[in-house]
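Asks: This is model_39.txt, which holds compact mmCIF, C-alpha atoms and all ligand atoms:
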# COMPACT_ATOMS: atom_id res chain seq x y z
CA MET J 1 148.24 141.07 81.22
CA PRO J 2 149.15 144.65 80.22
CA ALA J 3 150.18 147.54 82.48
CA GLU J 4 147.33 149.20 84.35
CA LEU J 5 146.61 152.20 86.53
CA ALA J 6 145.72 151.23 90.09
CA CYS J 7 144.28 153.29 92.92
CA PHE J 8 146.88 153.63 95.67
CA GLU J 9 144.26 153.55 98.47
CA GLU J 10 144.39 150.24 100.35
CA ARG J 11 140.58 150.06 100.71
CA CYS J 12 139.95 150.67 97.00
CA ARG J 13 142.75 149.41 94.71
CA ALA J 14 140.42 149.89 91.70
CA ARG J 15 142.13 149.27 88.36
CA PHE J 16 141.84 151.22 85.11
CA PRO J 17 143.25 150.88 81.59
CA ILE J 18 146.71 152.41 81.30
CA THR J 19 145.43 154.75 78.55
CA GLU J 20 142.58 156.27 80.58
CA ILE J 21 143.08 160.03 81.06
CA ILE J 22 142.61 160.30 84.82
CA TYR J 23 144.79 161.93 87.48
CA ASN J 24 142.98 160.59 90.55
CA CYS J 25 140.91 157.47 91.18
CA PRO J 26 137.42 158.13 89.73
CA ARG J 27 135.92 155.97 92.52
CA CYS J 28 137.54 157.34 95.67
CA GLY J 29 139.77 160.27 94.62
CA GLY J 30 142.93 158.42 95.67
CA LEU J 31 146.33 158.72 94.00
CA LEU J 32 147.03 156.49 91.00
CA GLU J 33 150.07 154.36 90.27
CA ALA J 34 151.21 152.29 87.30
CA VAL J 35 151.29 148.55 88.02
CA TYR J 36 152.75 145.76 85.91
CA PRO J 37 152.94 142.02 85.69
CA ALA J 38 156.41 140.94 86.83
CA PRO J 39 158.91 141.06 83.94
CA GLU J 40 160.29 137.72 82.83
CA GLY J 41 163.88 136.63 83.28
CA HIS J 42 166.55 136.57 85.98
CA PRO J 43 167.92 139.54 87.93
CA ALA J 44 171.51 138.64 86.99
CA ASP J 45 170.59 138.68 83.28
CA TRP J 46 168.87 142.06 83.54
CA LYS J 47 171.86 143.52 85.35
CA ARG J 48 174.17 142.33 82.58
CA MET J 49 171.83 143.61 79.87
CA TRP J 50 171.55 147.08 81.47
CA ARG J 51 175.32 147.22 81.75
CA ASP J 52 175.73 146.23 78.08
CA ARG J 53 173.30 148.94 76.98
CA ARG J 54 175.73 151.60 78.24
CA MET J 55 177.90 150.70 75.23
CA SER J 56 175.02 151.08 72.79
CA ASN J 57 174.52 154.02 70.41
CA THR J 58 170.75 153.60 70.38
CA PRO J 59 169.01 156.67 71.90
CA LEU J 60 166.77 154.51 74.07
CA ASP J 61 169.76 152.65 75.52
CA GLN J 62 171.73 155.87 76.01
CA SER J 63 168.96 157.31 78.17
CA GLY J 64 169.52 156.72 81.88
CA VAL J 65 165.76 156.27 82.15
CA TRP J 66 164.81 154.09 79.17
CA ARG J 67 167.89 151.88 79.62
CA TYR J 68 165.89 150.37 82.48
CA ARG J 69 162.65 150.11 80.49
CA GLU J 70 161.92 146.60 81.81
CA LEU J 71 161.10 148.25 85.17
CA ILE J 72 158.87 151.00 83.73
CA GLY J 73 156.95 149.02 81.15
CA PHE J 74 153.84 151.18 80.68
CA LEU J 75 154.38 151.71 76.92
CA ASP J 76 153.88 149.09 74.26
CA ASP J 77 155.60 151.08 71.51
CA TYR J 78 158.92 152.82 72.22
CA ARG J 79 158.85 154.79 68.95
CA GLN J 80 156.83 157.39 70.88
CA VAL J 81 159.70 158.14 73.22
CA VAL J 82 161.57 161.45 73.07
CA THR J 83 164.83 161.34 74.98
CA LEU J 84 167.34 164.11 75.62
CA ARG J 85 169.65 161.47 77.18
CA GLU J 86 168.32 162.23 80.66
CA GLY J 87 169.64 160.40 83.70
CA ASN J 88 173.26 159.21 83.42
CA THR J 89 173.98 161.38 86.45
CA PRO J 90 177.15 160.77 88.47
CA LEU J 91 177.79 159.51 91.98
CA LEU J 92 180.26 161.95 93.53
CA ASP J 93 182.34 161.63 96.69
CA ALA J 94 182.65 164.79 98.78
CA PRO J 95 184.93 164.42 101.85
CA ARG J 96 184.44 168.01 102.98
CA ALA J 97 180.66 167.67 102.88
CA ALA J 98 180.88 164.33 104.67
CA GLN J 99 182.81 165.93 107.51
CA TYR J 100 180.32 168.80 107.72
CA GLY J 101 177.48 166.28 107.81
CA GLY J 102 179.08 164.23 110.60
CA LEU J 103 179.80 161.27 108.31
CA ASP J 104 182.96 159.32 107.45
CA ARG J 105 181.97 159.61 103.81
CA ILE J 106 179.07 160.68 101.65
CA THR J 107 178.03 160.06 98.06
CA PHE J 108 176.02 162.60 96.14
CA LYS J 109 173.79 161.37 93.33
CA HIS J 110 173.74 164.61 91.37
CA GLN J 111 170.55 165.02 89.37
CA GLY J 112 171.62 168.52 88.40
CA PHE J 113 173.60 166.89 85.56
CA ASN J 114 170.34 166.28 83.69
CA PRO J 115 169.59 168.01 80.33
CA THR J 116 167.55 170.80 81.94
CA GLY J 117 169.42 170.65 85.23
CA SER J 118 167.10 168.76 87.57
CA PHE J 119 165.66 165.31 88.28
CA LYS J 120 162.38 166.42 86.71
CA ASP J 121 163.84 165.25 83.37
CA ASN J 122 163.84 161.63 84.51
CA GLY J 123 160.09 161.82 84.98
CA MET J 124 159.27 164.16 82.14
CA THR J 125 160.56 161.91 79.37
CA CYS J 126 157.99 159.35 80.59
CA GLY J 127 155.15 161.86 81.10
CA VAL J 128 155.65 163.28 77.62
CA ALA J 129 155.86 159.79 76.09
CA GLN J 130 152.47 159.03 77.64
CA ALA J 131 151.06 162.36 76.37
CA VAL J 132 152.18 161.49 72.82
CA ARG J 133 150.72 158.01 73.13
CA LEU J 134 147.37 159.48 74.21
CA GLY J 135 147.33 161.78 71.18
CA ALA J 136 147.57 164.99 73.24
CA ARG J 137 148.61 168.16 71.38
CA ARG J 138 149.03 170.36 74.47
CA VAL J 139 150.48 169.65 77.88
CA ALA J 140 150.45 171.81 81.00
CA CYS J 141 151.80 171.99 84.53
CA VAL J 142 151.85 174.25 87.55
CA SER J 143 155.34 174.63 88.78
CA THR J 144 157.71 176.36 91.14
CA GLY J 145 160.27 176.17 88.34
CA ASN J 146 162.07 172.98 87.47
CA THR J 147 159.00 171.12 86.30
CA SER J 148 158.21 173.91 83.86
CA ALA J 149 161.79 174.03 82.55
CA SER J 150 161.74 170.28 82.01
CA MET J 151 158.23 170.06 80.57
CA ALA J 152 158.95 172.90 78.16
CA ALA J 153 162.04 171.13 76.84
CA TYR J 154 160.54 167.67 76.47
CA ALA J 155 157.20 168.84 75.08
CA SER J 156 158.88 171.04 72.50
CA ALA J 157 161.27 168.26 71.55
CA ALA J 158 158.23 166.02 71.01
CA GLY J 159 156.37 168.63 68.95
CA LEU J 160 153.73 169.32 71.60
CA ASP J 161 152.66 172.75 72.91
CA PRO J 162 153.81 173.31 76.50
CA ILE J 163 151.70 175.60 78.71
CA ILE J 164 153.09 176.67 82.05
CA PHE J 165 151.48 178.24 85.10
CA ILE J 166 153.72 179.70 87.77
CA PRO J 167 152.98 181.49 91.02
CA HIS J 168 153.75 185.17 90.52
CA GLY J 169 157.08 186.21 92.04
CA ASN J 170 157.99 182.79 93.35
CA ILE J 171 160.29 181.43 90.74
CA SER J 172 164.03 181.63 90.31
CA PHE J 173 165.13 183.49 87.22
CA GLY J 174 167.15 180.63 85.78
CA LYS J 175 164.15 178.33 85.68
CA LEU J 176 161.80 180.90 84.16
CA ALA J 177 164.44 181.70 81.55
CA GLN J 178 164.60 178.05 80.54
CA ALA J 179 160.82 177.77 80.13
CA LEU J 180 160.80 180.82 77.85
CA GLU J 181 163.78 179.63 75.85
CA TYR J 182 162.30 176.17 75.32
CA GLY J 183 159.17 177.78 73.90
CA ALA J 184 156.49 177.34 76.57
CA ARG J 185 153.40 179.56 76.76
CA THR J 186 153.96 180.91 80.26
CA PHE J 187 151.33 182.37 82.57
CA GLN J 188 152.28 184.00 85.86
CA VAL J 189 149.25 183.86 88.13
CA GLU J 190 148.57 185.99 91.20
CA ALA J 191 147.95 183.05 93.51
CA ASN J 192 149.91 180.39 95.36
CA PHE J 193 150.85 176.99 93.97
CA ASP J 194 147.91 175.11 95.43
CA GLN J 195 145.31 177.63 94.24
CA ILE J 196 146.69 177.63 90.72
CA LEU J 197 146.62 173.84 90.64
CA ALA J 198 142.86 173.85 91.25
CA LEU J 199 142.41 176.36 88.44
CA VAL J 200 144.49 174.40 85.96
CA ARG J 201 142.63 171.17 86.65
CA GLN J 202 139.44 172.90 85.53
CA LEU J 203 141.12 174.25 82.40
CA ALA J 204 142.65 170.90 81.48
CA GLU J 205 139.28 169.23 81.36
CA ARG J 206 137.71 172.08 79.42
CA LEU J 207 140.44 172.42 76.82
CA GLY J 208 141.61 168.82 76.54
CA ILE J 209 145.08 169.52 77.86
CA TYR J 210 147.13 166.65 79.29
CA LEU J 211 148.44 167.51 82.76
CA LEU J 212 152.05 166.81 83.67
CA ASN J 213 151.98 167.80 87.32
CA SER J 214 153.83 165.93 90.00
CA ILE J 215 150.74 163.77 90.61
CA ASN J 216 151.15 162.28 87.10
CA PRO J 217 151.89 158.58 87.68
CA PHE J 218 154.07 158.28 84.57
CA ARG J 219 156.47 160.95 85.80
CA ILE J 220 156.80 158.93 88.99
CA GLU J 221 157.73 155.88 86.90
CA GLY J 222 160.57 157.79 85.24
CA GLN J 223 161.87 159.08 88.56
CA LYS J 224 162.10 155.49 89.80
CA THR J 225 165.11 155.03 87.54
CA ILE J 226 167.14 157.46 89.69
CA MET J 227 167.27 154.69 92.29
CA VAL J 228 167.79 151.93 89.72
CA GLU J 229 170.70 153.77 88.10
CA MET J 230 172.17 154.55 91.52
CA MET J 231 172.10 150.85 92.45
CA ASP J 232 173.57 149.89 89.06
CA GLN J 233 176.41 152.40 89.58
CA ARG J 234 177.09 150.92 93.02
CA ASP J 235 177.23 147.40 91.61
CA TRP J 236 173.98 146.77 93.52
CA ARG J 237 175.46 147.41 96.99
CA VAL J 238 172.54 148.80 98.99
CA PRO J 239 173.32 151.99 100.99
CA ASP J 240 172.09 152.38 104.57
CA TRP J 241 170.31 155.65 103.85
CA VAL J 242 169.01 157.58 100.87
CA VAL J 243 168.47 161.25 101.75
CA LEU J 244 166.40 163.64 99.62
CA PRO J 245 164.52 166.93 99.90
CA GLY J 246 160.71 166.79 100.08
CA GLY J 247 158.37 169.24 98.35
CA ASN J 248 155.37 167.74 96.59
CA LEU J 249 156.82 164.34 97.54
CA GLY J 250 156.72 162.80 94.08
CA ASN J 251 160.37 161.88 94.30
CA THR J 252 159.95 160.26 97.72
CA SER J 253 157.08 158.22 96.27
CA ALA J 254 159.13 157.24 93.22
CA PHE J 255 162.22 156.24 95.20
CA GLY J 256 160.20 154.11 97.62
CA LYS J 257 158.32 152.38 94.81
CA ALA J 258 161.55 151.71 92.90
CA LEU J 259 163.29 150.24 95.92
CA ARG J 260 160.34 148.03 96.87
CA GLU J 261 159.98 146.78 93.31
CA MET J 262 163.72 146.08 93.01
CA LYS J 263 163.56 144.09 96.24
CA ALA J 264 160.49 142.16 95.09
CA LEU J 265 162.26 141.26 91.83
CA GLY J 266 165.40 140.10 93.65
CA LEU J 267 167.61 142.91 92.31
CA ILE J 268 168.47 144.01 95.86
CA GLY J 269 168.29 142.11 99.13
CA ARG J 270 167.07 144.85 101.47
CA LEU J 271 165.70 148.39 101.47
CA PRO J 272 167.77 151.46 102.35
CA ARG J 273 166.07 153.83 104.79
CA LEU J 274 164.66 157.02 103.30
CA ALA J 275 165.31 160.36 105.03
CA VAL J 276 163.14 163.17 103.66
CA ILE J 277 164.22 166.72 104.51
CA GLN J 278 161.88 169.72 104.41
CA ALA J 279 162.43 173.44 104.93
CA GLU J 280 161.16 174.65 108.30
CA GLY J 281 158.75 177.21 106.81
CA SER J 282 157.24 174.63 104.51
CA ALA J 283 157.18 171.37 106.45
CA PRO J 284 153.69 169.82 106.46
CA PHE J 285 155.11 166.34 105.84
CA PHE J 286 157.43 166.67 108.82
CA ASP J 287 154.41 167.62 110.95
CA LEU J 288 152.47 164.64 109.64
CA TYR J 289 155.35 162.26 110.38
CA ARG J 290 155.54 163.55 113.94
CA ALA J 291 151.75 163.48 114.52
CA THR J 292 150.04 160.67 116.40
CA ASP J 293 147.21 160.69 113.87
CA ARG J 294 148.74 160.26 110.43
CA SER J 295 145.46 159.85 108.56
CA ARG J 296 145.33 163.45 107.35
CA LEU J 297 147.93 166.02 106.35
CA ASN J 298 147.44 169.57 107.58
CA ALA J 299 148.46 171.92 104.81
CA VAL J 300 150.67 174.94 105.49
CA THR J 301 148.67 177.90 104.15
CA HIS J 302 151.59 180.26 103.56
CA PRO J 303 154.66 178.13 102.92
CA GLU J 304 157.90 180.11 103.12
CA THR J 305 161.43 179.22 102.10
CA LEU J 306 164.13 180.53 99.78
CA ALA J 307 164.43 176.95 98.54
CA THR J 308 161.57 177.54 96.09
CA ALA J 309 161.66 174.00 94.69
CA ILE J 310 160.35 172.71 98.04
CA LYS J 311 158.05 175.62 98.84
CA ILE J 312 154.89 173.49 98.82
CA GLY J 313 152.22 173.84 101.50
CA ASP J 314 149.93 171.01 100.44
CA PRO J 315 152.06 168.18 99.03
CA ILE J 316 149.93 166.12 96.75
CA SER J 317 151.74 162.78 96.97
CA TRP J 318 151.84 162.58 100.77
CA PRO J 319 149.93 159.27 101.12
CA LYS J 320 152.44 157.50 98.89
CA ALA J 321 155.41 159.23 100.48
CA LEU J 322 154.26 158.38 104.00
CA HIS J 323 153.88 154.74 102.99
CA GLU J 324 157.41 154.70 101.56
CA VAL J 325 159.04 156.41 104.53
CA LEU J 326 157.38 154.04 106.99
CA THR J 327 157.99 150.91 104.90
CA SER J 328 161.70 151.73 104.66
CA GLY J 329 162.03 152.51 108.37
CA GLY J 330 162.84 156.05 107.34
CA VAL J 331 162.51 159.49 108.92
CA VAL J 332 161.40 163.03 108.08
CA GLU J 333 163.43 166.01 109.30
CA LYS J 334 163.23 169.76 108.85
CA VAL J 335 165.97 172.38 108.60
CA THR J 336 166.18 176.17 108.85
CA GLU J 337 167.00 178.67 106.10
CA GLN J 338 170.37 179.24 107.77
CA GLU J 339 171.15 175.53 107.80
CA ILE J 340 170.23 175.20 104.11
CA ALA J 341 172.31 178.22 103.12
CA ASP J 342 175.45 177.02 104.93
CA ALA J 343 175.11 173.42 103.73
CA LYS J 344 174.76 174.71 100.19
CA ALA J 345 177.97 176.71 100.46
CA VAL J 346 179.79 173.61 101.77
CA ILE J 347 178.57 171.56 98.80
CA GLY J 348 179.81 174.37 96.57
CA ARG J 349 183.24 174.30 98.20
CA CYS J 350 183.49 170.63 97.28
CA GLY J 351 183.49 171.77 93.66
CA ILE J 352 180.06 170.26 93.22
CA GLY J 353 177.36 172.86 93.86
CA CYS J 354 173.59 172.56 93.81
CA GLU J 355 170.44 174.65 94.15
CA PRO J 356 169.04 175.57 97.60
CA ALA J 357 166.44 172.77 97.87
CA SER J 358 169.11 170.15 97.17
CA ALA J 359 171.27 171.42 100.02
CA ALA J 360 168.52 170.60 102.51
CA THR J 361 169.88 167.05 102.28
CA LEU J 362 173.28 167.86 103.79
CA ALA J 363 171.69 170.17 106.37
CA GLY J 364 169.34 167.34 107.35
CA ILE J 365 172.17 164.82 107.51
CA ARG J 366 174.12 167.09 109.86
CA LYS J 367 171.09 167.24 112.12
CA LEU J 368 170.36 163.52 111.94
CA THR J 369 173.95 162.47 112.71
CA ALA J 370 174.06 164.90 115.65
CA ALA J 371 170.88 163.29 116.98
CA GLY J 372 172.34 159.81 116.51
CA THR J 373 169.62 158.81 114.03
CA ILE J 374 172.18 158.34 111.25
CA ALA J 375 175.45 156.75 112.42
CA GLY J 376 178.67 158.53 111.45
CA SER J 377 179.87 155.31 109.82
CA ALA J 378 176.69 154.86 107.77
CA ASP J 379 176.77 154.44 104.00
CA VAL J 380 174.75 157.45 102.85
CA VAL J 381 173.62 158.53 99.39
CA ALA J 382 172.23 162.07 99.25
CA VAL J 383 170.36 163.14 96.14
CA LEU J 384 171.22 166.60 94.86
CA THR J 385 168.09 167.44 92.94
CA GLY J 386 169.08 170.53 90.96
CA ASN J 387 171.96 172.36 89.30
CA VAL J 388 173.96 175.16 90.96
CA LEU J 389 173.11 177.63 88.14
CA LYS J 390 169.36 177.40 88.71
CA ASP J 391 169.47 180.15 91.32
CA PRO J 392 172.54 182.40 90.90
CA ASP J 393 170.86 185.32 92.67
CA TYR J 394 170.72 183.33 95.91
CA ILE J 395 174.42 182.48 95.59
CA HIS J 396 175.50 186.05 94.97
CA ARG J 397 173.51 187.27 97.96
CA TYR J 398 174.93 184.61 100.26
CA HIS J 399 178.52 185.34 99.37
CA THR J 400 178.08 189.10 99.62
CA GLY J 401 176.26 188.92 102.95
CA THR J 402 172.92 190.16 101.62
CA LEU J 403 170.76 187.03 101.77
CA ASN J 404 167.54 187.63 103.67
CA ALA J 405 165.25 184.84 104.90
CA PRO J 406 161.58 185.14 103.86
CA ASP J 407 160.76 186.73 107.24
CA GLY J 408 163.29 189.49 106.49
CA THR J 409 166.07 188.43 108.84
CA LEU J 410 169.54 188.61 107.35
CA LEU J 411 171.14 185.19 107.18
CA ARG J 412 174.70 184.72 108.41
CA SER J 413 177.06 184.10 105.51
CA THR J 414 179.21 181.65 107.44
CA PHE J 415 181.20 180.55 104.40
CA ALA J 416 181.10 183.84 102.51
CA ASN J 417 183.40 184.20 99.52
CA PRO J 418 182.71 187.69 98.16
CA PRO J 419 184.38 189.13 95.08
CA VAL J 420 187.08 191.67 95.96
CA LEU J 421 187.43 194.97 94.16
CA VAL J 422 191.09 195.73 93.44
CA PRO J 423 193.06 198.36 91.54
CA ALA J 424 195.02 197.20 88.50
CA GLU J 425 198.26 197.03 90.50
CA ALA J 426 200.29 193.83 90.68
CA ASN J 427 201.82 194.66 94.07
CA ARG J 428 198.46 195.30 95.73
CA ILE J 429 197.00 192.08 94.34
CA ALA J 430 200.10 190.09 95.36
CA ALA J 431 199.77 191.54 98.87
CA LEU J 432 196.12 190.46 99.03
CA LEU J 433 197.22 186.96 98.01
CA GLY J 434 199.56 186.93 101.01
CA GLU J 435 202.89 187.58 99.34
C1 LIG U 1 160.91 169.35 92.41
C2 LIG U 1 162.13 169.53 93.20
C3 LIG U 1 162.21 169.11 94.53
C4 LIG U 1 161.04 168.52 95.25
O1 LIG U 1 160.70 167.24 94.78
P1 LIG U 1 159.27 166.62 95.12
O2 LIG U 1 159.19 165.41 94.27
O3 LIG U 1 158.25 167.66 94.75
O4 LIG U 1 159.26 166.34 96.58
C5 LIG U 1 163.41 169.26 95.19
N1 LIG U 1 164.47 169.83 94.59
C6 LIG U 1 164.44 170.25 93.32
C7 LIG U 1 165.64 170.90 92.72
C8 LIG U 1 163.27 170.12 92.58
O5 LIG U 1 163.24 170.55 91.33
ZN ZN U 2 140.21 154.48 94.59
Any chance you could give the structure as structure tokens?
Replies:
Amino acid sequence: MPAELACFEERCRARFPITEIIYNCPRCGGLLEAVYPAPEGHPADWKRMWRDRRMSNTPLDQSGVWRYRELIGFLDDYRQVVTLREGNTPLLDAPRAAQYGGLDRITFKHQGFNPTGSFKDNGMTCGVAQAVRLGARRVACVSTGNTSASMAAYASAAGLDPIIFIPHGNISFGKLAQALEYGARTFQVEANFDQILALVRQLAERLGIYLLNSINPFRIEGQKTIMVEMMDQRDWRVPDWVVLPGGNLGNTSAFGKALREMKALGLIGRLPRLAVIQAEGSAPFFDLYRATDRSRLNAVTHPETLATAIKIGDPISWPKALHEVLTSGGVVEKVTEQEIADAKAVIGRCGIGCEPASAATLAGIRKLTAAGTIAGSADVVAVLTGNVLKDPDYIHRYHTGTLNAPDGTLLRSTFANPPVLVPAEANRIAALLGE
């Protein structure tokens, strides 16, 4: 039996050929997911094989996504794959951040080490492979930034035309610069993310463009490998918690699916709990989690946060993400702009650094340990989703005390480290250095 697309809705579960170009279930409108027959073999053998592949010089084996291809088996021909050696991201200890977060220790899984600087690369190598397989010449996405940077790179590397739609004035300069440099046709539209998405769906059908938005089930498959690689790097010791920021909730969906599938295959013995952190001005999933009726998500019409990667009012993957959070015994938390800004500076001081959305993790952990939800002794992996250089403007403003929240209030620069203007005089500089 080959891989198939399946409707995620419990009442429907309709199945479709893996090569059908659909983004939602044609019967009920539900989300789609890739499903597979169980791979053959023993967990111990797979673990050894994946470890051996790290020594290989084959591009497919060098990729931190395709190394685990047995768990994302939607292709039947791997010659279609374009890899930029995505994944392979480190687990980093950060004692200072642990202390700030109320933990004995913390491990960051830093997805900012990816080729275009965010976890979107893990998914995009799969989405683009599927586009090539389907014979698409053009691909498109609507993006707050990192998706467009990643899609532009992978599509261009594969010889496809990338087309990008971004909300006007809502994107960090680093991300836009990447999209331009990687050769994407880029349209800035005077509308918010959710409005543009509706527009692009129309255009895709009319012009035969393959869509690589966060709803794309093949991107979700690639993002699963973030959890697989993390477990491999930990010699398959399951953490107590995995903490990540939530925007469109594709990553939450991918992590939950990966962990459930690894458990079903006997690769791990239990599930870690997922903690999803949202920004206060853009927290519809937090509201849903707290609601008594969880059958419908109420969109936030004007989402606001400086963490643009999670500035999403109507997260498309919420049904999957809710399922994963509840199945894992997880939680959803929200944090303020101030909390994000300070947590980000602390991660920077560890010599690690990340973009604003990523720092929501440490801010959320601090809140969840204070509330007693996460124990101080817990084994916690926090996923840093994007690279520190994605948003240098934010950093400069924070450290010079000029960072304003979206509502105009000036944020406190608790850990400010501004540059100091000095005359070219050795004595004066020595005095400033405390001599
Ligand atoms: C896309 C993105 C997110 C949000 O991920 P979702 O899957 O949309 O929830 C968070 N941080 C960064 C850096 C991102 O690029
Ligand atoms: Zn359906």
Asks: Which of these residues is nearest to ligand ZN 2 (chain U), using all atoms listed in the file: J:Gly30, J:Gly73, J:Gly353, J:Gly101?
Replies: J:Gly30
Asks: Please identify the residues whose atoms come within 8 Å of ligand ZN 2 (chain U), using all atoms listed in the file, and report them as a list in words.
Replies: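 Those within range of ligand ZN 2 (chain U) are Ala6, Cys7, Phe8, Glu9, Arg11, Cys12, Arg13, Ala14, Asn24, Cys25, Pro26, Arg27, Cys28, Gly29, Gly30, Leu31 and Leu32 of chain J.
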Asks: Next, dump the selected residues to file, keeping only C-alpha atoms, as a PDB file, in the coordinates of the input.
Replies:
ATOM      1  CA  ALA J   6     145.720 151.230  90.090  1.00  0.00           C
ATOM      2  CA  CYS J   7     144.280 153.290  92.920  1.00  0.00           C
ATOM      3  CA  PHE J   8     146.880 153.630  95.670  1.00  0.00           C
ATOM      4  CA  GLU J   9     144.260 153.550  98.470  1.00  0.00           C
ATOM      5  CA  ARG J  11     140.580 150.060 100.710  1.00  0.00           C
ATOM      6  CA  CYS J  12     139.950 150.670  97.000  1.00  0.00           C
ATOM      7  CA  ARG J  13     142.750 149.410  94.710  1.00  0.00           C
ATOM      8  CA  ALA J  14     140.420 149.890  91.700  1.00  0.00           C
ATOM      9  CA  ASN J  24     142.980 160.590  90.550  1.00  0.00           C
ATOM     10  CA  CYS J  25     140.910 157.470  91.180  1.00  0.00           C
ATOM     11  CA  PRO J  26     137.420 158.130  89.730  1.00  0.00           C
ATOM     12  CA  ARG J  27     135.920 155.970  92.520  1.00  0.00           C
ATOM     13  CA  CYS J  28     137.540 157.340  95.670  1.00  0.00           C
ATOM     14  CA  GLY J  29     139.770 160.270  94.620  1.00  0.00           C
ATOM     15  CA  GLY J  30     142.930 158.420  95.670  1.00  0.00           C
ATOM     16  CA  LEU J  31     146.330 158.720  94.000  1.00  0.00           C
ATOM     17  CA  LEU J  32     147.030 156.490  91.000  1.00  0.00           C
TER      18      LEU J  32
END
Asks: Which residues are near ligand LIG 1 (chain U) - at most 8 Å, using only C-alpha atoms and all ligand atoms? Format: as a PyMOL selection string.
Replies: chain J and resi 112+118-120+144-147+214+244-253+309-310+312+315+355-358+384-387
Asks: Distance atom CA of Leu203 of chain J-atom CA of Phe74 of chain J, one decimal place?
Replies: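 Interatomic distance, atom CA of Leu203 of chain J to atom CA of Phe74 of chain J: 26.4 Å.
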Asks: Do you know which residues are at most 7 Å from Thr400 of chain J counting all atoms listed in the file, after dropping those on the same chain fewer than 2 positions away, and could you put them as a PyMOL selection string?
Replies: chain J and resi 396-398+402+416+418
Asks: May I ask which of the residues J:Ala321, J:Met55, J:Ile215, J:Ala405 is the closest one to Glu339 of chain J, counting all atoms listed in the file?
Replies: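 The shortest atom-to-atom distance to Glu339 of chain J comes from J:Ala405.
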Asks: Tell me which protein, DNA and RNA residues are within 6 Å of Ile220 of chain J, counting only C-alpha atoms, leaving out same-chain ones fewer than 2 positions away, and put them as a ChimeraX atom specification.
Replies: /J:123,217-218,222-223,254
Asks: With distances taken over only C-alpha atoms, which of J:Ser156, J:Thr336, J:Ser148, J:Asn216 is nearest to Gln188 of chain J?
Replies: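 Ranking J:Ser156, J:Thr336, J:Ser148, J:Asn216 by distance to Gln188 of chain J, first place goes to J:Ser148.
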